[in-house]
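Down below is the structure, laid out as structure tokens.
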Amino acid sequence: MFRTFMDDALEEAAKALQRGEVPVGAVIVEASGDIIARAGNETRERLDPSAHAEVLAIRKACDVLKTDRLVNCDIYVTLEPCAMCAGLIANARLRRIYFAASDPKSGGVQQGARVFDHQQTHHIPEIYPGIGEKKAEKLLKIFFATKRLKA
């Protein structure tokens, strides 16, 4: 029976929003159904443009499992991964990607770069879009509305 962990990723996105980050959250789940890593965006906090939720969660999961391959793991992320994160997902050999909202501007899975469509990609995970899409979009709209008010 399928169980989604998108609500857990959405919790991380909400925490990122509270910190003033773009509200993106990610969790890594083992095949056993255990969450082994969770993260939200921290690019502004760390002054690091690579501190995307996916990157941070993958680093934590690799540390927990003491490996550079997450072959028996899935990632749940609230926004379609960008090209950088999609490349990392391929390199980490994640089994599946579940993402909530599509990202027409910066997406790298089904939009834009479409990283997994290139023959140079060594690993292509199963891709499941649209889970929790409305909740994720709501968080993003709150974030960008707040930014426009400050401008």
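Labels used: A, B, ... for chains in the order of the structure tokens, numbers from 1 for residues in each chain, and numbers from 1 for ligands as shown.
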As number ranges by chain, please: every residue in range 58-139 of chain A that DSSP puts in alpha helix (DSSP H). A: 58-65, 83-92, 133-139
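The set of residues in range 13-148 of chain A assigned to strand (DSSP E) by DSSP, using only backbone atoms of this structure, is A:Gly25, A:Ala26, A:Val27, A:Ile28, A:Val29, A:Glu30, A:Ile35, A:Ile36, A:Ala37, A:Arg38, A:Ala39, A:Gly40, A:Cys73, A:Asp74, A:Ile75, A:Tyr76, A:Val77, A:Thr78, A:Leu79, A:Arg96, A:Ile97, A:Tyr98, A:Phe99, A:Ala100, A:Ala101, A:Glu126, A:Ile127, A:Tyr128, A:Pro129.
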As a CSV table (one decimal) with N, CA, C and O atoms, in the first residue's frame, please: the residues near range 74-81 of chain A (cut-off 9 Å, only C-alpha atoms, same-chain neighbours under 4 positions excluded).
chain,number,residue,atom,x,y,z
A,4,THR,N,2.3,8.3,1.2
A,4,THR,CA,3.1,9.5,0.8
A,4,THR,C,3.7,10.1,2.0
A,4,THR,O,3.2,10.1,3.1
A,5,PHE,N,4.9,10.7,1.8
A,5,PHE,CA,5.6,11.4,2.9
A,5,PHE,C,5.6,12.9,2.5
A,5,PHE,O,6.5,13.6,3.0
A,6,MET,N,4.8,13.3,1.6
A,6,MET,CA,4.8,14.7,1.1
A,6,MET,C,4.4,15.7,2.3
A,6,MET,O,5.0,16.8,2.3
A,8,ASP,N,5.4,15.5,5.2
A,8,ASP,CA,6.7,15.7,6.0
A,8,ASP,C,7.5,16.7,5.2
A,8,ASP,O,8.2,17.6,5.8
A,9,ALA,N,7.6,16.6,3.9
A,9,ALA,CA,8.3,17.6,3.1
A,9,ALA,C,7.7,19.0,3.2
A,9,ALA,O,8.4,20.0,3.3
A,10,LEU,N,6.4,19.0,3.2
A,10,LEU,CA,5.7,20.3,3.3
A,10,LEU,C,5.9,20.9,4.7
A,10,LEU,O,6.1,22.2,4.8
A,13,ALA,N,9.2,22.6,4.3
A,13,ALA,CA,9.0,23.8,3.4
A,13,ALA,C,8.4,25.0,4.3
A,13,ALA,O,8.8,26.1,4.2
A,23,PRO,N,10.2,28.5,0.2
A,23,PRO,CA,9.7,27.4,0.9
A,23,PRO,C,9.7,26.1,0.1
A,23,PRO,O,8.7,25.7,-0.5
A,24,VAL,N,10.9,25.4,0.2
A,24,VAL,CA,11.0,24.1,-0.4
A,24,VAL,C,11.5,23.2,0.6
A,24,VAL,O,12.4,23.5,1.4
A,25,GLY,N,10.9,22.0,0.7
A,25,GLY,CA,11.3,21.0,1.7
A,25,GLY,C,11.4,19.7,1.0
A,25,GLY,O,10.8,19.4,0.0
A,26,ALA,N,12.3,18.8,1.6
A,26,ALA,CA,12.6,17.5,1.1
A,26,ALA,C,12.8,16.5,2.2
A,26,ALA,O,13.3,16.8,3.3
A,27,VAL,N,12.3,15.3,2.0
A,27,VAL,CA,12.6,14.2,2.9
A,27,VAL,C,13.1,13.0,2.0
A,27,VAL,O,12.7,12.8,0.9
A,28,ILE,N,14.0,12.2,2.6
A,28,ILE,CA,14.5,11.0,2.0
A,28,ILE,C,13.9,9.8,2.8
A,28,ILE,O,14.1,9.8,4.1
A,29,VAL,N,13.3,8.9,2.1
A,29,VAL,CA,12.7,7.7,2.8
A,29,VAL,C,13.3,6.4,2.3
A,29,VAL,O,13.4,6.2,1.1
A,30,GLU,N,13.7,5.6,3.2
A,30,GLU,CA,14.2,4.2,2.8
A,30,GLU,C,13.0,3.4,2.4
A,30,GLU,O,11.9,3.6,2.7
A,31,ALA,N,13.3,2.3,1.7
A,31,ALA,CA,12.3,1.3,1.2
A,31,ALA,C,11.5,0.8,2.4
A,31,ALA,O,10.3,0.4,2.2
A,53,ALA,N,17.0,22.3,-0.6
A,53,ALA,CA,16.5,21.2,0.3
A,53,ALA,C,16.9,19.8,-0.1
A,53,ALA,O,17.3,19.0,0.7
A,54,GLU,N,16.9,19.6,-1.4
A,54,GLU,CA,17.3,18.3,-1.9
A,54,GLU,C,18.7,18.0,-1.6
A,54,GLU,O,19.1,16.9,-1.2
A,57,ALA,N,19.2,17.3,2.1
A,57,ALA,CA,18.6,16.0,2.5
A,57,ALA,C,19.5,14.8,2.0
A,57,ALA,O,19.7,13.9,2.7
A,58,ILE,N,19.9,14.9,0.8
A,58,ILE,CA,20.8,13.9,0.2
A,58,ILE,C,22.1,13.7,1.0
A,58,ILE,O,22.5,12.6,1.3
A,70,LEU,N,22.1,6.0,-2.9
A,70,LEU,CA,20.8,5.9,-2.1
A,70,LEU,C,19.8,5.0,-2.9
A,70,LEU,O,18.7,5.4,-3.1
A,85,CYS,N,19.8,19.9,-8.8
A,85,CYS,CA,19.3,18.9,-7.9
A,85,CYS,C,18.9,17.6,-8.6
A,85,CYS,O,19.2,16.5,-8.1
A,86,ALA,N,18.4,17.7,-9.8
A,86,ALA,CA,18.1,16.5,-10.6
A,86,ALA,C,19.4,15.8,-10.9
A,86,ALA,O,19.4,14.5,-10.9
A,89,ILE,N,20.4,14.0,-7.8
A,89,ILE,CA,19.5,12.8,-7.6
A,89,ILE,C,19.9,11.6,-8.5
A,89,ILE,O,19.9,10.5,-8.0
A,94,LEU,N,19.0,7.8,-6.5
A,94,LEU,CA,17.7,7.6,-5.8
A,94,LEU,C,16.7,6.9,-6.7
A,94,LEU,O,16.7,7.0,-7.9
A,95,ARG,N,15.9,6.1,-6.0
A,95,ARG,CA,15.0,5.2,-6.7
A,95,ARG,C,13.8,5.9,-7.3
A,95,ARG,O,13.4,5.6,-8.5
A,96,ARG,N,13.2,6.8,-6.6
A,96,ARG,CA,12.0,7.6,-7.0
A,96,ARG,C,12.1,9.0,-6.6
A,96,ARG,O,12.6,9.3,-5.5
A,97,ILE,N,11.5,9.9,-7.4
A,97,ILE,CA,11.2,11.3,-7.0
A,97,ILE,C,9.7,11.5,-7.0
A,97,ILE,O,9.0,11.2,-8.0
A,98,TYR,N,9.3,12.0,-5.9
A,98,TYR,CA,7.9,12.5,-5.8
A,98,TYR,C,8.0,14.0,-5.6
A,98,TYR,O,8.6,14.4,-4.6
A,99,PHE,N,7.4,14.8,-6.5
A,99,PHE,CA,7.4,16.2,-6.2
A,99,PHE,C,6.0,16.8,-6.3
A,99,PHE,O,5.1,16.3,-7.0
A,100,ALA,N,5.8,17.9,-5.6
A,100,ALA,CA,4.5,18.5,-5.5
A,100,ALA,C,4.2,19.4,-6.7
A,100,ALA,O,3.6,19.0,-7.6
A,101,ALA,N,4.8,20.6,-6.6
A,101,ALA,CA,4.5,21.6,-7.6
A,101,ALA,C,5.5,21.6,-8.7
A,101,ALA,O,6.7,21.4,-8.5
A,102,SER,N,5.0,21.8,-10.0
A,102,SER,CA,5.9,22.0,-11.1
A,102,SER,C,6.6,23.3,-11.0
A,102,SER,O,6.0,24.3,-10.4
A,103,ASP,N,7.7,23.5,-11.6
A,103,ASP,CA,8.5,24.7,-11.7
A,103,ASP,C,8.8,25.1,-13.1
A,103,ASP,O,9.8,24.8,-13.6
A,104,PRO,N,7.8,25.8,-13.7
A,104,PRO,CA,8.0,26.2,-15.1
A,104,PRO,C,9.3,27.1,-15.4
A,104,PRO,O,9.8,27.1,-16.4
A,106,SER,N,12.3,27.2,-13.3
A,106,SER,CA,13.6,26.6,-13.0
A,106,SER,C,13.6,25.1,-12.8
A,106,SER,O,14.6,24.5,-12.4
A,107,GLY,N,12.5,24.5,-13.2
A,107,GLY,CA,12.5,23.0,-13.0
A,107,GLY,C,13.5,22.3,-14.0
A,107,GLY,O,13.8,22.8,-15.0
A,108,GLY,N,13.9,21.2,-13.5
A,108,GLY,CA,14.9,20.4,-14.3
A,108,GLY,C,14.5,19.0,-14.6
A,108,GLY,O,15.2,18.2,-15.2
A,109,VAL,N,13.2,18.6,-14.2
A,109,VAL,CA,12.8,17.3,-14.4
A,109,VAL,C,11.8,17.2,-15.6
A,109,VAL,O,12.1,16.5,-16.6
A,110,GLN,N,10.7,17.9,-15.5
A,110,GLN,CA,9.7,17.9,-16.5
A,110,GLN,C,9.6,19.2,-17.3
A,110,GLN,O,8.9,19.3,-18.3
A,111,GLN,N,10.3,20.2,-16.8
A,111,GLN,CA,10.4,21.5,-17.4
A,111,GLN,C,11.8,21.8,-17.8
A,111,GLN,O,12.7,21.0,-17.4
A,125,PRO,N,15.5,8.0,-12.2
A,125,PRO,CA,14.6,7.5,-11.2
A,125,PRO,C,13.1,7.5,-11.8
A,125,PRO,O,12.8,8.1,-12.8
A,129,PRO,N,4.9,13.3,-10.2
A,129,PRO,CA,4.6,14.7,-9.9
A,129,PRO,C,3.2,14.9,-9.4
A,129,PRO,O,2.4,14.0,-9.5
A,131,ILE,N,1.9,15.4,-6.3
A,131,ILE,CA,1.4,15.0,-5.0
A,131,ILE,C,1.5,16.2,-4.0
A,131,ILE,O,2.6,16.7,-3.7
A,132,GLY,N,0.4,16.7,-3.5
A,132,GLY,CA,0.5,17.8,-2.6
A,132,GLY,C,0.7,19.1,-3.3
A,132,GLY,O,1.1,20.1,-2.7
A,133,GLU,N,0.4,19.2,-4.5
A,133,GLU,CA,0.7,20.3,-5.4
A,133,GLU,C,0.1,21.6,-4.8
A,133,GLU,O,0.7,22.7,-4.8
A,135,LYS,N,-1.0,22.5,-1.8
A,135,LYS,CA,-0.4,23.0,-0.6
A,135,LYS,C,1.0,23.6,-0.8
A,135,LYS,O,1.3,24.6,-0.2
A,136,ALA,N,1.8,23.0,-1.7
A,136,ALA,CA,3.1,23.5,-2.0
A,136,ALA,C,3.0,24.9,-2.7
A,136,ALA,O,3.7,25.8,-2.4
A,137,GLU,N,2.1,25.0,-3.7
A,137,GLU,CA,1.9,26.2,-4.4
A,137,GLU,C,1.4,27.3,-3.4
A,137,GLU,O,1.8,28.5,-3.6
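Proximity to Gly40 in chain A was assessed for A:Cys62, A:Glu11, A:Ile142, A:Thr67 counting only C-alpha atoms; the smallest distance is recorded for A:Glu11.
Residue nearest Gly112 in chain A, chosen from A:Lys141, A:Leu56, A:Cys82, A:Ala92 and counting only C-alpha atoms: A:Cys82.
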Shell around Ile124 in chain A at 8 Å using only C-alpha atoms, local window under 2 positions removed, as a ChimeraX atom specification: /A:90,93,116,121-122,126
